[in-house]
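Asker: Sending over input01.tsv (TSV, C-alpha atoms).
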```tsv
chain	number	residue	atom	x	y	z
H	1	MET	CA	-7.76	15.83	-27.37
H	2	PRO	CA	-6.23	18.13	-29.98
H	3	ASN	CA	-2.76	19.34	-29.09
H	4	SER	CA	-0.99	22.52	-30.16
H	5	ASP	CA	-0.43	20.99	-33.58
H	6	GLY	CA	-4.09	20.24	-33.97
H	7	GLU	CA	-3.49	16.49	-33.77
H	8	ASP	CA	-5.67	14.07	-31.87
H	9	ARG	CA	-3.87	12.53	-28.96
H	10	ILE	CA	-4.68	9.16	-27.49
H	11	GLU	CA	-7.38	9.52	-24.88
H	12	PRO	CA	-6.09	9.44	-21.29
H	13	ASP	CA	-8.46	6.52	-20.63
H	14	SER	CA	-6.83	4.59	-23.44
H	15	VAL	CA	-3.36	5.39	-22.12
H	16	ALA	CA	-4.49	4.20	-18.69
H	17	ASP	CA	-5.56	0.93	-20.32
H	18	LEU	CA	-2.21	0.69	-22.07
H	19	TYR	CA	-0.53	1.22	-18.74
H	20	ARG	CA	-2.51	-1.59	-17.14
H	21	GLN	CA	-1.67	-3.91	-20.01
H	22	HIS	CA	1.98	-3.15	-20.61
H	23	ALA	CA	3.47	-1.41	-17.57
H	24	GLY	CA	4.67	-4.64	-15.98
H	25	GLU	CA	6.48	-5.82	-19.09
H	26	MET	CA	7.92	-2.37	-19.80
H	27	ARG	CA	9.12	-1.99	-16.22
H	28	ALA	CA	10.88	-5.36	-16.43
H	29	PHE	CA	12.44	-4.46	-19.77
H	30	LEU	CA	13.69	-1.15	-18.40
H	31	ALA	CA	15.06	-2.83	-15.29
H	32	GLY	CA	16.93	-5.28	-17.52
H	33	VAL	CA	18.44	-2.54	-19.65
H	34	LEU	CA	19.15	-0.01	-16.90
H	35	ARG	CA	20.00	-2.50	-14.12
H	36	ASP	CA	18.30	-0.17	-11.69
H	37	ARG	CA	14.68	-0.53	-10.73
H	38	GLU	CA	14.27	2.90	-9.24
H	39	LEU	CA	15.52	4.42	-12.46
H	40	ALA	CA	13.38	2.01	-14.44
H	41	ASP	CA	10.29	3.25	-12.62
H	42	GLU	CA	11.18	6.84	-13.44
H	43	VAL	CA	11.73	6.05	-17.10
H	44	LEU	CA	8.49	4.07	-17.15
H	45	GLN	CA	6.61	7.22	-16.17
H	46	THR	CA	8.33	9.08	-18.99
H	47	VAL	CA	7.39	6.37	-21.49
H	48	PHE	CA	3.70	6.60	-20.66
H	49	ARG	CA	3.79	10.39	-20.61
H	50	LYS	CA	5.12	10.17	-24.12
H	51	ALA	CA	2.32	7.78	-24.98
H	52	LEU	CA	-0.12	10.44	-23.82
H	53	GLU	CA	1.64	13.15	-25.81
H	54	LYS	CA	2.87	11.34	-28.89
H	55	GLY	CA	1.34	7.88	-28.91
H	56	HIS	CA	-1.00	8.93	-31.69
H	57	THR	CA	1.99	9.28	-34.01
H	58	ALA	CA	2.86	5.59	-33.69
H	59	THR	CA	2.88	3.92	-37.06
H	60	GLU	CA	3.45	0.44	-35.70
H	61	ASN	CA	1.83	-1.71	-33.06
H	62	ILE	CA	1.53	0.35	-29.87
H	63	ARG	CA	3.42	-2.27	-27.83
H	64	SER	CA	6.34	-2.14	-30.25
H	65	TRP	CA	6.18	1.63	-30.04
H	66	LEU	CA	6.34	1.48	-26.24
H	67	PHE	CA	9.41	-0.78	-26.39
H	68	LYS	CA	11.00	1.63	-28.83
H	69	VAL	CA	10.36	4.63	-26.60
H	70	ALA	CA	11.52	2.67	-23.56
H	71	TRP	CA	14.79	1.82	-25.27
H	72	ASN	CA	15.41	5.38	-26.46
H	73	GLU	CA	14.63	6.85	-23.05
H	74	SER	CA	16.91	4.29	-21.43
H	75	MET	CA	19.75	5.32	-23.69
H	76	LEU	CA	19.19	8.96	-22.78
H	77	VAL	CA	19.43	8.08	-19.11
H	78	ARG	CA	22.42	5.88	-19.66
H	79	ARG	CA	24.33	8.64	-21.37
H	80	VAL	CA	24.24	10.71	-18.22
H	81	GLN	CA	25.06	7.86	-15.93
H	82	ASN	CA	28.04	5.62	-15.58
H	83	ARG	CA	27.08	2.15	-16.52
H	84	GLN	CA	26.55	0.06	-13.43
H	85	THR	CA	28.33	-3.27	-13.57
H	86	SER	CA	26.66	-4.89	-10.65
H	87	GLY	CA	23.92	-6.28	-12.86
H	88	LEU	CA	20.85	-7.45	-11.11
H	89	GLN	CA	22.56	-7.28	-7.75
H	90	LYS	CA	21.62	-3.65	-7.52
H	91	ALA	CA	18.24	-4.39	-8.98
H	92	ALA	CA	17.65	-7.12	-6.44
H	93	ARG	CA	18.65	-4.81	-3.61
H	94	SER	CA	16.34	-2.11	-4.88
H	95	ARG	CA	13.44	-4.52	-4.61
H	96	GLY	CA	13.20	-3.23	-1.07
H	97	ILE	CA	12.02	0.11	-2.41
H	98	LEU	CA	8.72	-1.43	-3.34
H	99	GLU	CA	8.22	-3.36	-0.16
H	100	GLY	CA	6.20	-0.68	1.55
H	101	VAL	CA	3.94	-0.05	-1.41
H	102	PRO	CA	0.42	-1.29	-0.75
H	103	GLU	CA	-0.97	-3.51	-3.43
H	104	GLU	CA	-4.28	-4.99	-4.40
H	105	SER	CA	-4.98	-8.32	-2.75
H	106	GLU	CA	-5.79	-9.90	-6.12
H	107	ALA	CA	-2.40	-8.94	-7.52
H	108	ALA	CA	-0.71	-10.21	-4.37
H	109	ALA	CA	-2.54	-13.51	-4.68
H	110	VAL	CA	-1.46	-13.88	-8.30
H	111	ARG	CA	2.13	-13.12	-7.34
H	112	GLN	CA	2.01	-15.57	-4.49
H	113	GLU	CA	0.56	-18.20	-6.79
H	114	THR	CA	3.41	-17.61	-9.24
H	115	VAL	CA	6.04	-17.82	-6.52
H	116	ASP	CA	4.50	-21.02	-5.20
H	117	GLN	CA	4.47	-22.53	-8.66
H	118	VAL	CA	8.12	-21.66	-9.21
H	119	ARG	CA	9.02	-23.06	-5.84
H	120	ARG	CA	7.40	-26.35	-6.82
H	121	ALA	CA	9.12	-26.27	-10.21
H	122	ILE	CA	12.50	-25.65	-8.57
H	123	LEU	CA	11.98	-28.63	-6.26
H	124	GLN	CA	11.45	-30.82	-9.30
H	125	LEU	CA	14.82	-29.89	-10.76
H	126	PRO	CA	17.85	-32.15	-10.21
H	127	ASP	CA	19.75	-31.24	-7.06
H	128	GLU	CA	22.76	-29.89	-8.93
H	129	GLN	CA	20.53	-27.53	-10.93
H	130	GLN	CA	18.73	-26.37	-7.80
H	131	LEU	CA	22.07	-25.59	-6.24
H	132	VAL	CA	23.27	-23.53	-9.21
H	133	ILE	CA	19.95	-21.66	-9.35
H	134	ARG	CA	20.20	-20.81	-5.69
H	135	MET	CA	23.83	-19.70	-5.86
H	136	ARG	CA	23.35	-17.57	-8.97
H	137	ILE	CA	19.97	-15.96	-8.38
H	138	TYR	CA	19.50	-15.93	-4.65
H	139	GLU	CA	23.09	-15.65	-3.50
H	140	GLU	CA	23.96	-13.55	-6.56
H	141	LYS	CA	27.25	-15.25	-7.27
H	142	LYS	CA	28.79	-15.04	-10.71
H	143	PHE	CA	29.04	-18.23	-12.73
H	144	ALA	CA	32.82	-18.20	-12.46
H	145	VAL	CA	32.61	-18.08	-8.67
H	146	ILE	CA	30.05	-20.86	-8.58
H	147	ALA	CA	32.28	-23.04	-10.73
H	148	GLN	CA	35.18	-22.36	-8.41
H	149	GLU	CA	33.20	-23.11	-5.27
H	150	LEU	CA	31.64	-26.27	-6.67
H	151	LYS	CA	34.94	-27.33	-8.23
H	152	VAL	CA	33.35	-28.04	-11.59
H	153	PRO	CA	34.12	-26.59	-15.03
H	154	LEU	CA	32.45	-23.31	-15.93
H	155	GLY	CA	30.73	-25.01	-18.86
H	156	THR	CA	29.08	-27.44	-16.47
H	157	VAL	CA	27.69	-24.61	-14.36
H	158	LEU	CA	26.39	-22.86	-17.47
H	159	SER	CA	24.78	-26.04	-18.77
H	160	ARG	CA	23.06	-26.65	-15.45
H	161	MET	CA	21.84	-23.09	-15.18
H	162	ARG	CA	20.64	-22.96	-18.72
H	163	ALA	CA	18.77	-26.25	-18.43
H	164	ALA	CA	17.17	-25.11	-15.18
H	165	MET	CA	16.12	-21.74	-16.54
H	166	MET	CA	14.63	-23.27	-19.66
H	167	LYS	CA	12.54	-25.62	-17.53
H	168	LEU	CA	11.44	-22.87	-15.16
H	169	GLU	CA	10.55	-20.53	-17.99
H	170	LYS	CA	8.50	-23.24	-19.63
H	171	SER	CA	6.64	-24.04	-16.42
H	172	LEU	CA	6.06	-20.36	-15.82
H	173	GLY	CA	5.10	-19.31	-19.31
H	174	ARG	CA	1.45	-18.78	-18.53
H	175	HIS	CA	2.08	-16.61	-15.47
H	176	LEU	CA	4.72	-14.44	-17.10
H	177	ASP	CA	2.43	-13.76	-20.01
H	178	GLU	CA	-0.25	-12.42	-17.68
S	1	MET	CA	33.28	-17.45	-20.15
S	2	SER	CA	31.82	-14.92	-22.48
S	3	GLU	CA	35.11	-14.19	-24.20
S	4	VAL	CA	35.22	-17.65	-25.67
S	5	MET	CA	31.94	-17.16	-27.48
S	6	ASN	CA	32.09	-15.99	-31.04
S	7	GLN	CA	29.36	-14.37	-33.09
S	8	SER	CA	27.94	-17.52	-34.58
S	9	GLU	CA	27.77	-19.21	-31.21
S	10	LEU	CA	25.95	-16.20	-29.86
S	11	ASN	CA	23.36	-16.46	-32.58
S	12	ASP	CA	22.88	-20.14	-31.79
S	13	GLU	CA	22.03	-19.45	-28.16
S	14	PRO	CA	18.32	-19.40	-27.33
S	15	LEU	CA	17.13	-15.84	-27.02
S	16	SER	CA	15.79	-16.39	-23.52
S	17	TRP	CA	19.17	-17.65	-22.33
S	18	LEU	CA	20.96	-14.73	-23.95
S	19	ALA	CA	18.51	-12.35	-22.30
S	20	PHE	CA	19.11	-13.96	-18.94
S	21	ARG	CA	22.87	-13.60	-19.36
S	22	TYR	CA	22.37	-10.01	-20.46
S	23	VAL	CA	20.32	-8.96	-17.44
S	24	SER	CA	22.61	-10.97	-15.15
S	25	ASP	CA	25.67	-9.15	-16.45
S	26	GLU	CA	27.22	-12.39	-17.61
S	27	MET	CA	28.17	-11.18	-21.08
S	28	SER	CA	31.38	-9.77	-22.45
S	29	ASP	CA	31.34	-6.20	-23.74
S	30	ALA	CA	31.29	-7.46	-27.31
S	31	GLU	CA	28.34	-9.68	-26.57
S	32	VAL	CA	26.51	-6.81	-24.90
S	33	VAL	CA	27.03	-4.63	-27.96
S	34	GLU	CA	25.76	-7.37	-30.23
S	35	PHE	CA	22.77	-8.17	-28.06
S	36	GLU	CA	21.82	-4.54	-27.60
S	37	SER	CA	21.76	-4.09	-31.35
S	38	ARG	CA	18.80	-6.44	-31.22
S	39	LEU	CA	17.11	-4.19	-28.67
S	40	ASN	CA	17.78	-0.98	-30.54
S	41	PRO	CA	14.83	-0.11	-32.78
S	42	ASP	CA	17.11	1.95	-35.03
S	43	SER	CA	19.36	-1.02	-35.71
S	44	PRO	CA	18.76	-3.37	-38.63
S	45	ALA	CA	19.24	-6.24	-36.17
S	46	PHE	CA	16.32	-5.07	-34.04
S	47	GLU	CA	14.02	-7.82	-32.80
S	48	LEU	CA	10.93	-7.19	-30.76
S	49	ALA	CA	11.37	-10.74	-29.46
S	50	ALA	CA	14.68	-9.70	-27.90
S	51	CYS	CA	12.95	-6.90	-25.96
S	52	GLU	CA	10.30	-9.33	-24.79
S	53	ALA	CA	12.99	-11.81	-23.80
S	54	VAL	CA	14.73	-9.19	-21.65
S	55	ALA	CA	11.47	-8.38	-19.86
S	56	ARG	CA	10.77	-12.06	-19.30
S	57	ALA	CA	14.29	-12.72	-18.07
S	58	VAL	CA	13.95	-10.04	-15.42
S	59	GLN	CA	10.54	-11.31	-14.37
S	60	LEU	CA	11.76	-14.89	-14.24
S	61	ASN	CA	14.85	-13.88	-12.30
S	62	ASP	CA	12.75	-12.07	-9.72
S	63	VAL	CA	10.20	-14.82	-9.31
S	64	VAL	CA	12.92	-17.44	-8.94
S	65	ALA	CA	14.72	-15.23	-6.41
S	66	ALA	CA	11.53	-14.90	-4.37
S	67	ALA	CA	10.86	-18.62	-4.63
S	68	SER	CA	14.43	-19.45	-3.60
S	69	GLU	CA	14.25	-17.52	-0.39
S	70	PRO	CA	14.13	-19.63	2.73
S	71	VAL	CA	10.79	-19.88	4.46
S	72	SER	CA	10.44	-17.01	6.90
S	73	SER	CA	11.36	-17.88	10.45
S	74	PRO	CA	8.52	-18.56	12.84
S	75	ALA	CA	7.33	-15.91	15.25
S	76	PRO	CA	9.51	-15.63	18.36
S	77	GLN	CA	8.42	-17.90	21.17
S	78	THR	CA	6.91	-16.25	24.20
S	79	THR	CA	7.45	-17.74	27.62
S	80	PHE	CA	4.63	-18.96	29.76
S	81	GLU	CA	5.31	-16.20	32.28
S	82	GLU	CA	5.10	-13.51	29.61
S	83	THR	CA	1.84	-14.92	28.30
S	84	GLY	CA	0.42	-15.11	31.80
S	85	ARG	CA	1.32	-11.50	32.58
S	86	ARG	CA	-0.26	-10.36	29.33
S	87	ASP	CA	-3.44	-12.32	30.05
S	88	VAL	CA	-3.84	-10.74	33.48
S	89	ALA	CA	-3.34	-7.25	32.04
S	90	ALA	CA	-5.80	-7.95	29.22
S	91	ARG	CA	-8.42	-9.19	31.68
S	92	ARG	CA	-8.05	-6.06	33.80
S	93	VAL	CA	-8.49	-3.80	30.77
S	94	SER	CA	-11.52	-5.79	29.60
S	95	LEU	CA	-13.13	-5.60	33.06
S	96	PHE	CA	-12.59	-1.85	33.21
S	97	ALA	CA	-14.06	-1.34	29.74
S	98	ALA	CA	-17.09	-3.48	30.59
S	99	SER	CA	-17.70	-1.48	33.78
S	100	ILE	CA	-17.61	1.82	31.89
S	101	THR	CA	-20.01	0.43	29.27
S	102	VAL	CA	-22.52	-0.67	31.95
S	103	LEU	CA	-22.38	2.74	33.63
S	104	VAL	CA	-22.90	4.65	30.37
S	105	VAL	CA	-25.79	2.43	29.24
S	106	GLY	CA	-27.44	2.64	32.66
S	107	TRP	CA	-27.15	6.42	32.65
S	108	ALA	CA	-28.58	6.61	29.12
S	109	LEU	CA	-31.61	4.53	30.13
S	110	THR	CA	-32.46	6.94	32.94
S	111	LEU	CA	-32.72	9.86	30.49
S	112	PRO	CA	-36.20	10.81	29.14
S	113	SER	CA	-36.66	9.54	25.57
S	114	PRO	CA	-36.74	12.35	22.97
S	115	LYS	CA	-39.91	13.00	20.97
S	116	PRO	CA	-39.70	11.69	17.41
S	117	PRO	CA	-39.80	14.30	14.60
S	118	ALA	CA	-43.14	14.75	12.91
S	119	GLU	CA	-42.15	13.11	9.58
S	120	VAL	CA	-40.81	10.12	11.42
S	121	ALA	CA	-43.95	9.87	13.51
S	122	ASP	CA	-46.07	9.91	10.33
S	123	SER	CA	-44.09	7.23	8.60
S	124	PRO	CA	-45.17	3.58	8.75
S	125	ALA	CA	-44.23	1.76	11.89
S	126	PRO	CA	-40.88	0.00	11.61
S	127	GLN	CA	-40.51	-3.71	12.05
S	128	PRO	CA	-40.20	-4.72	15.67
S	129	LEU	CA	-36.60	-4.62	16.72
S	130	GLU	CA	-36.84	-8.06	18.22
S	131	THR	CA	-37.81	-9.62	14.90
S	132	GLU	CA	-35.07	-7.86	12.95
S	133	SER	CA	-32.36	-8.54	15.44
S	134	GLY	CA	-33.58	-12.09	15.83
S	135	GLU	CA	-33.31	-12.66	12.09
S	136	LEU	CA	-29.87	-11.07	11.96
S	137	VAL	CA	-28.68	-13.20	14.81
S	138	GLN	CA	-30.02	-16.28	13.04
S	139	ILE	CA	-28.37	-15.31	9.72
S	140	TRP	CA	-25.12	-14.62	11.51
S	141	ALA	CA	-25.32	-17.91	13.36
S	142	ASP	CA	-26.11	-19.82	10.16
S	143	SER	CA	-23.36	-18.26	8.08
S	144	GLY	CA	-20.68	-17.68	10.67
S	145	ASP	CA	-18.90	-20.99	10.40
S	146	GLU	CA	-19.01	-20.94	6.62
S	147	GLN	CA	-17.57	-17.44	6.39
S	148	LEU	CA	-14.86	-18.29	8.85
S	149	SER	CA	-13.82	-21.33	6.88
S	150	VAL	CA	-13.69	-19.30	3.64
S	151	ILE	CA	-11.50	-16.69	5.28
S	152	GLU	CA	-9.20	-19.37	6.55
S	153	GLU	CA	-8.92	-20.90	3.10
S	154	VAL	CA	-7.94	-17.74	1.25
S	155	GLN	CA	-5.33	-16.59	3.75
S	156	MET	CA	-1.94	-16.78	2.05
S	157	PRO	CA	1.51	-15.78	3.14
S	158	PRO	CA	2.64	-12.53	1.54
S	159	ALA	CA	5.27	-12.42	-1.21
S	160	ASP	CA	6.76	-9.15	-0.07
S	161	ASP	CA	10.04	-9.46	-1.89
S	162	LEU	CA	8.60	-9.84	-5.33
S	163	PRO	CA	8.53	-6.66	-7.39
S	164	GLU	CA	5.32	-5.17	-8.63
S	165	TYR	CA	5.18	-6.80	-12.04
S	166	PHE	CA	1.63	-7.84	-11.44
S	167	SER	CA	0.63	-4.49	-10.07
S	168	THR	CA	-1.12	-2.40	-12.65
S	169	ASP	CA	-1.86	0.66	-10.55
S	170	VAL	CA	-2.20	3.59	-12.89
S	171	PRO	CA	0.09	6.47	-11.85
S	172	GLU	CA	-1.44	9.54	-10.27
S	173	TRP	CA	-0.46	11.85	-13.11
S	174	LEU	CA	-2.40	9.66	-15.52
S	175	LEU	CA	-5.45	9.58	-13.27
S	176	ALA	CA	-5.25	13.35	-13.04
S	177	ALA	CA	-5.22	13.53	-16.81
S	178	VAL	CA	-8.32	11.36	-16.98
S	179	GLN	CA	-10.10	13.47	-14.38
S	180	THR	CA	-9.18	16.67	-16.17
S	181	ARG	CA	-10.56	15.25	-19.39
S	182	ASP	CA	-13.78	14.18	-17.64
S	183	ALA	CA	-14.22	17.62	-16.12
S	184	SER	CA	-13.87	19.39	-19.45
S	185	PRO	CA	-16.86	19.80	-21.84
S	186	ALA	CA	-17.52	16.89	-24.14
S	187	SER	CA	-15.81	17.11	-27.49
S	188	PRO	CA	-15.77	14.81	-30.49
S	189	GLU	CA	-12.38	13.31	-29.83
S	190	VAL	CA	-11.13	10.32	-31.68
S	191	LEU	CA	-9.75	7.30	-29.90
S	192	GLU	CA	-6.59	6.25	-31.50
S	193	ASN	CA	-4.24	3.39	-30.71
```
Please re-express this file's structure in structure tokens.

Answerer:
Amino acid sequence: MPNSDGEDRIEPDSVADLYRQHAGEMRAFLAGVLRDRELADEVLQTVFRKALEKGHTATENIRSWLFKVAWNESMLVRRVQNRQTSGLQKAARSRGILEGVPEESEAAAVRQETVDQVRRAILQLPDEQQLVIRMRIYEEKKFAVIAQELKVPLGTVLSRMRAAMMKLEKSLGRHLDE
Amino acid sequence: MSEVMNQSELNDEPLSWLAFRYVSDEMSDAEVVEFESRLNPDSPAFELAACEAVARAVQLNDVVAAASEPVSSPAPQTTFEETGRRDVAARRVSLFAASITVLVVGWALTLPSPKPPAEVADSPAPQPLETESGELVQIWADSGDEQLSVIEEVQMPPADDLPEYFSTDVPEWLLAAVQTRDASPASPEVLEN
């Protein structure tokens, strides 16, 4: 579709395909950078609007281009906002925003399958790693607090967490790539 | 903990672990600056792998959080008395509904049957209702148990707390753009990625 400059934009159908392929990863990236899922969803819309308007100017791989736009848009948003220091705590709380959104049963089944697989993988971890995982991710305690509560050195907590996350990421690789 | 890490140690850390610490806010300011230089496409330190690692760290964090949640509590127990009262009320409603149905059907049967339209009258005679309904009943009876078992097998508990990373619903504005394009006259546009 030629724009005002006479250039050919990416077809809306193609942008819709790009959205289906990359929206999940981009949304996660934005949530990681912005620490706010609601904001991440807003910026995600902007990113794909830009893909519709300017995606045809991309000189690199379109996925790299989307990451680039996502980063730049995040920085624009960040400039007008005070940086939140609550990390994923806020992000975790904002998960509730999506709770009422209806979803396709297939997607729900895939998600449930992933959660079940992680649950099994967590149960296979040593008890001390399970405990650290639970305290850090579910109870949202900082590593320093966990170390204090468990009365172990901070390095020990970090080692346990790191080992656990590496194992979980490995066991989950296939699902996260989907 | 982050303050004790110097630059070389930071570079030795696996990217996925760094990304997890980044999204978990477990980095010092200096570490954040260094790590974000890897995310910034205008920086010479930019790495696409770092962007991917951030996305994966968030996804992993969320999935682990959902998997770490305690199993939802069972439905509240109802007392025998409550159940009994509900059963009596349900039976009364059912009886009333059945009575109304019998009255309506009986009244409908007393009405004279309408004449069929000409085109319908000229069309070939339909299969006898008995045969059709008999076959349907048989099919239903044959497949009922199987269908029920399949439904039981695929029922899964919902994962409500997990974000929509697997949801790929295209936003409405994009659908509108597609529809607008479809409505417009065909033009030799070039697909470009």

Asker: Which distance in Å separates CA of Glu52 in chain S and CA of Phe67 in chain H, to one decimal?

Answerer: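 Going from CA of Glu52 in chain S over to CA of Phe67 in chain H, I get 8.7 Å.
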
Asker: Quick one, how far is CA of Ser24 in chain S from CA of Leu34 in chain H?

Answerer: 11.6 Å

Asker: Of the candidates H:Ile122, H:Leu52, H:Leu158, H:Leu76, which shows the shortest atom-to-atom distance to Val33 in chain H, using all atoms listed in the file?

Answerer: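 Among H:Ile122, H:Leu52, H:Leu158, H:Leu76, it is H:Leu76 that comes nearest to Val33 in chain H.
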
Asker: What does the structure give for the distance between CA of Arg35 in chain H and CA of Ser74 in chain H, in Å to one decimal?

Answerer: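 Distance reported for this atom pair: 10.4 Å.
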
Asker: From (19.3, -22.3, -17.9), in the file's coordinates, out to 12 Å: which residues are reached, counting all atoms listed in the file? Answer as a ChimeraX atom specification.

Answerer: /H:125,129-130,132-133,136-137,143,155-170 /S:13-21,57,60-61

Asker: Show me as a list in words the residues that reach within 9 Å of (13.4, -15.8, -5.8), counting all atoms listed in the file and using the file's own coordinates.

Answerer: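 Residues close enough to count: Val115, Val118, Arg119, Arg134, Ile137 and Tyr138 of chain H; Leu60, Asn61, Asp62, Val63, Val64, Ala65, Ala66, Ala67, Ser68, Glu69, Asp161 and Leu162 of chain S.
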
Asker: Grab the residues selected above and save them as a CSV table (one decimal), in the coordinates of the input with C-alpha atoms.

Answerer:
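result_33.csv, written as the output of this step:
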```csv
chain,number,residue,atom,x,y,z
H,115,VAL,CA,6.0,-17.8,-6.5
H,118,VAL,CA,8.1,-21.7,-9.2
H,119,ARG,CA,9.0,-23.1,-5.8
H,134,ARG,CA,20.2,-20.8,-5.7
H,137,ILE,CA,20.0,-16.0,-8.4
H,138,TYR,CA,19.5,-15.9,-4.6
S,60,LEU,CA,11.8,-14.9,-14.2
S,61,ASN,CA,14.8,-13.9,-12.3
S,62,ASP,CA,12.8,-12.1,-9.7
S,63,VAL,CA,10.2,-14.8,-9.3
S,64,VAL,CA,12.9,-17.4,-8.9
S,65,ALA,CA,14.7,-15.2,-6.4
S,66,ALA,CA,11.5,-14.9,-4.4
S,67,ALA,CA,10.9,-18.6,-4.6
S,68,SER,CA,14.4,-19.4,-3.6
S,69,GLU,CA,14.2,-17.5,-0.4
S,161,ASP,CA,10.0,-9.5,-1.9
S,162,LEU,CA,8.6,-9.8,-5.3
```

Asker: Taking all atoms listed in the file into account, name the residue in S:Ala50, S:Ile100, S:Ala30, S:Ala177 that is nearest to chain H.

Answerer: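 That would be S:Ala177, the residue with the smallest distance to chain H.
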
Asker: Hey, which of S:Ala97, S:Val33, S:Val23, S:Leu103 ends up closest to chain H? Count all atoms listed in the file.

Answerer: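 Of the candidates, the smallest distance to chain H is held by S:Val23.
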
Asker: Let me have the centre and edge lengths in Å, one decimal, of the box along x, y and z around every listed atom of range 18-30 of chain S with 5 Å of margin on each side, as AutoDock Vina command-line options.

Answerer:
```
--center_x 24.9 --center_y -10.5 --center_z -21.2 --size_x 22.9 --size_y 18.5 --size_z 22.2
```

Asker: Have a look at H:Glu113, H:Asp127, H:Glu53, H:Glu139 and name the one nearest to Asp8 in chain H; count only C-alpha atoms.

Answerer: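 Answer, going by the shortest atom-to-atom distance: H:Glu53.
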
Asker: Quick one: everything within 8 Å of range 35-43 of chain S, counting only C-alpha atoms, minus sequence neighbours fewer than 6 positions away in the same chain. Send it as a list of chain:residue names.

Answerer: H:Lys68, H:Trp71, H:Asn72, S:Leu18, S:Tyr22, S:Ala50, S:Cys51

Asker: Given all atoms listed in the file as the basis, pick out the residue of H:Gly32, H:Pro126, H:Pro153, H:Gly173 nearest to chain S.

Answerer: H:Gly32
